[in-house]
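Here's the structure we're looking at; comments come further down.
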Amino acid sequence: VGWWDNVGLAPKDPLLSVTEAFIADANPNNINLGVGAFRDDEGKPLVLQCVRDAEARIAGAEYLESISRQGTLKLVEESVKLAYGENSDVVKEGSFAGVQAISGTGACRLFAEFQRRFQPESRIYLPVPTWSNHHNIWRDAQVPQRTFQYYNLASKGLHFSALMDDVKNAPNHSFFLLHPCAHNPTGIDPTEEQWREISYLFKVKNHFPFFDMAYQGFASGDLEKDAQAIRIFLDDGHLIGCAQSFSKTMGLYGQRVGCLSVLCVDKNQATAVKSQLQQIARAMYGNPPAHGALLVSTILGDPGLKSLWVKEAKVMSDRIMKMRAALRDNLERLGSAFNWEHITNQVGMFCYSGLNPEQIDRLGNEFHIYMPNDGRISMAGVTTGNVDYLANAIHEVTK
Ligand code: PMP
């Protein structure tokens with residue numbers, strides 16, 4: 001027998017199948033609503049001007065050879081300021097363990113590994129639904145998974161009471177994964193008041209909140225507002241964990257820039273935690289790449305570039321909101337018998353449309369429109385040029 005005779009084909013990522021079906025369809029009207037990255041109104045990937053400017057500034061710097069320790073430290077420092085607030089005690093006191101991570105995915109993976117090592121009996125509670133890779137990440141780190149309710153099919157909104165019940169019924173001292181803004185895939189976030197209640201209950205239950213923040217600035221176009229959930233938990237004195245990604249918010253998907261931070265009781269504990277995180281990373285991939293981190297820390301560390309970024313993030317989030325409004329408007333004008341309010345109530349990159357698998361099949365077969373079969377529409381794939389066609393197709397398959 002050969003070495004790898006026992007290896008079968010891995011199950012296909014459902015999102016890859018969406019893109020494959022789109023590419024295989026040569027119809028000029030075809031639309032890919034599976035893409036998880038921002039596209040401009042022409043459907044093209046966007047390189048932000050702040051990134052271009054930062055690129056010019058670092059060109060020729062000596063970072064190419066070195067494992068830039070300075071670059072990494074600066075990236076972490078600027079990232080935690082974004083998450084916890086420039087003037088937060090966490091930042092002032094340095095009571096956090098922060099490490100550069102291989103984007104948001106790598107930050108989650110690193111935390112999952114850390115969790116297994118130092119809380120070996122623990123589990124992770126994931127929302128239903130959640131970004132599917134969360135399941136893979138904690139599975140591979142061998143942390144058992146549980147779920148908590150999040151989405152309410154009937155209202156196409158948050159199932160707040162069910163969520164609170166599940167938080168209450170979980171054993172004290174459990175780990176929960178929360179999306180602080182622009183929940184993927186539903187686009188539904190708790191309100192400020194609901195976050196306060198969640199935070200309070202977490203306190204009572206002594207749960208650990210792990211925030212996966214892949215879209216800060218993308219939900220509302222306002223960095224501070226999108227960090228509101230984290231700030232509420234901070235005010236309540238929680239020690240939290242946070243994964244940050246710059247893939248979507250700076251259009252740096254290919255650069256893998258992220259940060260993992262874990263809040264600690266004091267600086268000494270933070271030093272210990274950080275050393276363990278670094279040791280885990282060392283055995284997995286050595287050091288994180290320098291180029292993207294230098295781009296991000298250059299942007300965040302320079303007031304001019306940072307304000308340019310904030311403006312550009314706002315342009316991206318405004319485009320998405322405009323497309324939400326246009327899609328809903330079109331469906332209502334066509335006289336759809338259904339309520340499409342959720343399209344504009346939901347925020348961020350995704351719209352959890354509520355379309356069922358048969359309708360989604362018809363969209364593909366009859367209208368050349370492709371999306372994953374949970375009905376998640378990437379609003380980034382919607383443009384001024386295709387929104388009428390899309391609305392019409394959705395109206396046809398939901399009649
Ligand atoms: N978390 C969530 C909720 C996401 O939607 C994504 C991006 N799809 C990520 C993490 C990680 O993305 P990346 O590794 O590119 O930062």
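Ordered as shown in the structure tokens, chains take letters A, B, and onward, while each chain numbers its residues from 1 and ligands are numbered from 1 in the order shown.
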
For the interface of chain A with ligand 1 (cut-off 8 Å, counting only C-alpha atoms and all ligand atoms), please tabulate each contacting residue of chain A alongside its nearest pair of atoms and their separation in Å to one decimal, rows sorted by chain and increasing number, as JSON lines.
{"residue": "A:Gly36", "atom": "CA", "partner": "ligand 1", "partner_atom_place_in_ligand_line": "8 (N)", "distance": 6.1}
{"residue": "A:Ala37", "atom": "CA", "partner": "ligand 1", "partner_atom_place_in_ligand_line": "8 (N)", "distance": 7.9}
{"residue": "A:Ile102", "atom": "CA", "partner": "ligand 1", "partner_atom_place_in_ligand_line": "14 (O)", "distance": 6.9}
{"residue": "A:Ser103", "atom": "CA", "partner": "ligand 1", "partner_atom_place_in_ligand_line": "16 (O)", "distance": 4.0}
{"residue": "A:Gly104", "atom": "CA", "partner": "ligand 1", "partner_atom_place_in_ligand_line": "16 (O)", "distance": 3.4}
{"residue": "A:Thr105", "atom": "CA", "partner": "ligand 1", "partner_atom_place_in_ligand_line": "14 (O)", "distance": 3.7}
{"residue": "A:Gly106", "atom": "CA", "partner": "ligand 1", "partner_atom_place_in_ligand_line": "14 (O)", "distance": 6.3}
{"residue": "A:Ala107", "atom": "CA", "partner": "ligand 1", "partner_atom_place_in_ligand_line": "14 (O)", "distance": 7.9}
{"residue": "A:Cys108", "atom": "CA", "partner": "ligand 1", "partner_atom_place_in_ligand_line": "10 (C)", "distance": 7.5}
{"residue": "A:Thr130", "atom": "CA", "partner": "ligand 1", "partner_atom_place_in_ligand_line": "3 (C)", "distance": 7.3}
{"residue": "A:Trp131", "atom": "CA", "partner": "ligand 1", "partner_atom_place_in_ligand_line": "3 (C)", "distance": 5.3}
{"residue": "A:Asn133", "atom": "CA", "partner": "ligand 1", "partner_atom_place_in_ligand_line": "10 (C)", "distance": 7.9}
{"residue": "A:His134", "atom": "CA", "partner": "ligand 1", "partner_atom_place_in_ligand_line": "1 (N)", "distance": 7.6}
{"residue": "A:His179", "atom": "CA", "partner": "ligand 1", "partner_atom_place_in_ligand_line": "3 (C)", "distance": 6.6}
{"residue": "A:His183", "atom": "CA", "partner": "ligand 1", "partner_atom_place_in_ligand_line": "3 (C)", "distance": 6.6}
{"residue": "A:Asn184", "atom": "CA", "partner": "ligand 1", "partner_atom_place_in_ligand_line": "3 (C)", "distance": 5.1}
{"residue": "A:Pro185", "atom": "CA", "partner": "ligand 1", "partner_atom_place_in_ligand_line": "5 (O)", "distance": 7.5}
{"residue": "A:Asp212", "atom": "CA", "partner": "ligand 1", "partner_atom_place_in_ligand_line": "1 (N)", "distance": 5.6}
{"residue": "A:Met213", "atom": "CA", "partner": "ligand 1", "partner_atom_place_in_ligand_line": "1 (N)", "distance": 6.5}
{"residue": "A:Ala214", "atom": "CA", "partner": "ligand 1", "partner_atom_place_in_ligand_line": "1 (N)", "distance": 5.1}
{"residue": "A:Tyr215", "atom": "CA", "partner": "ligand 1", "partner_atom_place_in_ligand_line": "5 (O)", "distance": 7.6}
{"residue": "A:Ala243", "atom": "CA", "partner": "ligand 1", "partner_atom_place_in_ligand_line": "10 (C)", "distance": 7.8}
{"residue": "A:Gln244", "atom": "CA", "partner": "ligand 1", "partner_atom_place_in_ligand_line": "16 (O)", "distance": 7.2}
{"residue": "A:Ser245", "atom": "CA", "partner": "ligand 1", "partner_atom_place_in_ligand_line": "16 (O)", "distance": 4.3}
{"residue": "A:Phe246", "atom": "CA", "partner": "ligand 1", "partner_atom_place_in_ligand_line": "16 (O)", "distance": 6.2}
{"residue": "A:Ser247", "atom": "CA", "partner": "ligand 1", "partner_atom_place_in_ligand_line": "15 (O)", "distance": 4.9}
{"residue": "A:Lys248", "atom": "CA", "partner": "ligand 1", "partner_atom_place_in_ligand_line": "15 (O)", "distance": 7.2}
{"residue": "A:Tyr253", "atom": "CA", "partner": "ligand 1", "partner_atom_place_in_ligand_line": "15 (O)", "distance": 5.4}
{"residue": "A:Gly254", "atom": "CA", "partner": "ligand 1", "partner_atom_place_in_ligand_line": "15 (O)", "distance": 7.8}
{"residue": "A:Arg256", "atom": "CA", "partner": "ligand 1", "partner_atom_place_in_ligand_line": "15 (O)", "distance": 6.3}
{"residue": "A:Val257", "atom": "CA", "partner": "ligand 1", "partner_atom_place_in_ligand_line": "16 (O)", "distance": 7.0}
{"residue": "A:Gly258", "atom": "CA", "partner": "ligand 1", "partner_atom_place_in_ligand_line": "16 (O)", "distance": 6.4}

Selected residues written out with N, CA and C atoms, as an mmCIF file, in the first residue's frame:
data_model
loop_
_atom_site.group_PDB
_atom_site.id
_atom_site.type_symbol
_atom_site.label_atom_id
_atom_site.label_comp_id
_atom_site.auth_asym_id
_atom_site.auth_seq_id
_atom_site.Cartn_x
_atom_site.Cartn_y
_atom_site.Cartn_z
ATOM 1 N N GLY A 36 -16.529 37.209 -0.352
ATOM 2 C CA GLY A 36 -16.488 37.746 1.010
ATOM 3 C C GLY A 36 -15.634 38.997 1.124
ATOM 4 N N ALA A 37 -15.266 39.600 0.012
ATOM 5 C CA ALA A 37 -14.406 40.780 0.074
ATOM 6 C C ALA A 37 -15.090 41.948 -0.609
ATOM 7 N N ILE A 102 -1.844 35.864 12.027
ATOM 8 C CA ILE A 102 -2.052 35.692 10.594
ATOM 9 C C ILE A 102 -3.509 36.023 10.300
ATOM 10 N N SER A 103 -3.790 37.298 10.290
ATOM 11 C CA SER A 103 -5.124 37.847 10.063
ATOM 12 C C SER A 103 -6.134 37.314 11.099
ATOM 13 N N GLY A 104 -7.413 37.506 10.814
ATOM 14 C CA GLY A 104 -8.432 37.118 11.792
ATOM 15 C C GLY A 104 -8.479 35.611 12.018
ATOM 16 N N THR A 105 -8.325 34.869 10.942
ATOM 17 C CA THR A 105 -8.342 33.410 11.057
ATOM 18 C C THR A 105 -7.235 32.946 11.998
ATOM 19 N N GLY A 106 -6.027 33.459 11.771
ATOM 20 C CA GLY A 106 -4.888 33.059 12.584
ATOM 21 C C GLY A 106 -5.037 33.490 14.036
ATOM 22 N N ALA A 107 -5.665 34.644 14.242
ATOM 23 C CA ALA A 107 -5.875 35.121 15.613
ATOM 24 C C ALA A 107 -6.830 34.177 16.350
ATOM 25 N N CYS A 108 -7.868 33.745 15.665
ATOM 26 C CA CYS A 108 -8.816 32.803 16.279
ATOM 27 C C CYS A 108 -8.125 31.470 16.571
ATOM 28 N N THR A 130 -22.905 30.887 12.497
ATOM 29 C CA THR A 130 -21.694 31.699 12.595
ATOM 30 C C THR A 130 -20.868 31.475 11.344
ATOM 31 N N TRP A 131 -19.816 32.254 11.176
ATOM 32 C CA TRP A 131 -18.851 32.035 10.084
ATOM 33 C C TRP A 131 -18.413 30.573 10.171
ATOM 34 N N ASN A 133 -16.021 28.803 9.320
ATOM 35 C CA ASN A 133 -14.659 28.445 9.692
ATOM 36 C C ASN A 133 -14.430 28.426 11.213
ATOM 37 N N HIS A 134 -15.290 29.107 11.976
ATOM 38 C CA HIS A 134 -15.153 29.011 13.440
ATOM 39 C C HIS A 134 -15.216 27.551 13.884
ATOM 40 N N HIS A 179 -19.534 38.112 17.872
ATOM 41 C CA HIS A 179 -19.143 39.005 16.773
ATOM 42 C C HIS A 179 -19.499 40.425 17.244
ATOM 43 N N HIS A 183 -22.238 40.946 12.234
ATOM 44 C CA HIS A 183 -22.234 39.487 12.411
ATOM 45 C C HIS A 183 -22.254 38.767 11.054
ATOM 46 N N ASN A 184 -21.331 37.832 10.913
ATOM 47 C CA ASN A 184 -21.254 37.025 9.697
ATOM 48 C C ASN A 184 -21.801 35.642 10.018
ATOM 49 N N PRO A 185 -22.836 35.131 9.372
ATOM 50 C CA PRO A 185 -23.405 35.586 8.100
ATOM 51 C C PRO A 185 -24.665 36.434 8.193
ATOM 52 N N ASP A 212 -14.610 38.169 17.969
ATOM 53 C CA ASP A 212 -13.966 38.049 16.666
ATOM 54 C C ASP A 212 -14.367 39.267 15.836
ATOM 55 N N MET A 213 -13.453 40.222 15.744
ATOM 56 C CA MET A 213 -13.779 41.506 15.114
ATOM 57 C C MET A 213 -13.112 41.610 13.737
ATOM 58 N N ALA A 214 -13.862 41.195 12.719
ATOM 59 C CA ALA A 214 -13.314 41.210 11.357
ATOM 60 C C ALA A 214 -13.776 42.429 10.575
ATOM 61 N N TYR A 215 -14.674 43.232 11.151
ATOM 62 C CA TYR A 215 -15.320 44.294 10.360
ATOM 63 C C TYR A 215 -15.411 45.640 11.064
ATOM 64 N N ALA A 243 -9.931 38.990 18.534
ATOM 65 C CA ALA A 243 -9.236 38.763 17.259
ATOM 66 C C ALA A 243 -9.569 39.924 16.344
ATOM 67 N N GLN A 244 -8.558 40.533 15.746
ATOM 68 C CA GLN A 244 -8.794 41.625 14.800
ATOM 69 C C GLN A 244 -8.210 41.278 13.434
ATOM 70 N N SER A 245 -8.901 41.741 12.413
ATOM 71 C CA SER A 245 -8.468 41.483 11.043
ATOM 72 C C SER A 245 -8.476 42.774 10.255
ATOM 73 N N PHE A 246 -7.526 42.937 9.348
ATOM 74 C CA PHE A 246 -7.535 44.103 8.462
ATOM 75 C C PHE A 246 -7.834 43.708 7.022
ATOM 76 N N SER A 247 -8.270 42.458 6.836
ATOM 77 C CA SER A 247 -8.544 41.957 5.478
ATOM 78 C C SER A 247 -9.597 42.780 4.768
ATOM 79 N N LYS A 248 -10.741 42.932 5.441
ATOM 80 C CA LYS A 248 -11.861 43.620 4.788
ATOM 81 C C LYS A 248 -11.748 45.113 4.957
ATOM 82 N N TYR A 253 -6.791 41.580 2.163
ATOM 83 C CA TYR A 253 -7.035 40.140 2.299
ATOM 84 C C TYR A 253 -5.786 39.287 2.064
ATOM 85 N N GLY A 254 -5.038 39.654 1.028
ATOM 86 C CA GLY A 254 -3.883 38.837 0.654
ATOM 87 C C GLY A 254 -2.689 39.019 1.567
ATOM 88 N N ARG A 256 -2.746 39.109 5.071
ATOM 89 C CA ARG A 256 -2.872 38.365 6.329
ATOM 90 C C ARG A 256 -2.383 39.171 7.546
ATOM 91 N N VAL A 257 -2.994 40.318 7.750
ATOM 92 C CA VAL A 257 -2.628 41.154 8.897
ATOM 93 C C VAL A 257 -3.719 41.098 9.956
ATOM 94 N N GLY A 258 -3.333 40.730 11.165
ATOM 95 C CA GLY A 258 -4.295 40.684 12.249
ATOM 96 C C GLY A 258 -3.616 40.775 13.590
#

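Those residues that approach range 358-360 of chain A to within 9 Å, counting only C-alpha atoms, are Gly364, Asn365, Ile369, Tyr370, Met371, Pro372, Asn373, Asp374, Gly375, Ile394, Val397 and Thr398 of chain A; same-chain residues fewer than 4 positions away are not listed.
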
Checklist entry - Between A:Met379, A:Val387, A:Leu177, A:Ala97, which one has atoms that come closest to Asn268 in chain A, using only C-alpha atoms? => result A:Ala97

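Take the candidates A:Asn392, A:Gln49, A:Thr383, A:Asn356 and check each one against Leu33 in chain A using only C-alpha atoms; the shortest distance goes to A:Thr383.
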
Next on the checklist: Taking the DSSP secondary structure from the backbone, can you list the residues of range 99-184 of chain A that are alpha helix (DSSP H), as a ChimeraX atom specification?
Outcome noted: /A:103-118,132-140,160-169

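We find CA of Arg52 in chain A and CA of Ile299 in chain A to be spaced 10.1 Å apart.
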
Next on the checklist: Excluding Arg196 in chain A and its own-chain neighbours fewer than 2 positions away, which residues fall within 10 Å of it when counting only C-alpha atoms? Please give them as JSON, numbers by chain.
Outcome noted: {"A": [190, 191, 192, 193, 194, 198, 199, 200, 201, 202, 229, 232, 233, 235, 236]}

Just to be explicit: take each residue in the selection above, keep C-alpha atoms, and write the result as a tab-separated table (two decimals), in the first residue's frame.
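Result file is part29.tsv:
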chain	number	residue	atom	x	y	z
A	190	PRO	CA	-27.54	43.29	19.23
A	191	THR	CA	-28.55	46.86	20.11
A	192	GLU	CA	-26.53	48.85	22.63
A	193	GLU	CA	-29.05	48.03	25.34
A	194	GLN	CA	-28.97	44.32	24.47
A	198	ILE	CA	-25.49	40.38	27.60
A	199	SER	CA	-22.45	41.84	29.32
A	200	TYR	CA	-24.25	41.91	32.66
A	201	LEU	CA	-25.31	38.28	32.34
A	202	PHE	CA	-21.78	37.26	31.35
A	229	ALA	CA	-19.84	46.07	22.26
A	232	ILE	CA	-19.41	47.97	27.09
A	233	PHE	CA	-17.75	44.74	28.21
A	235	ASP	CA	-16.68	49.13	31.29
A	236	ASP	CA	-18.18	46.16	33.09
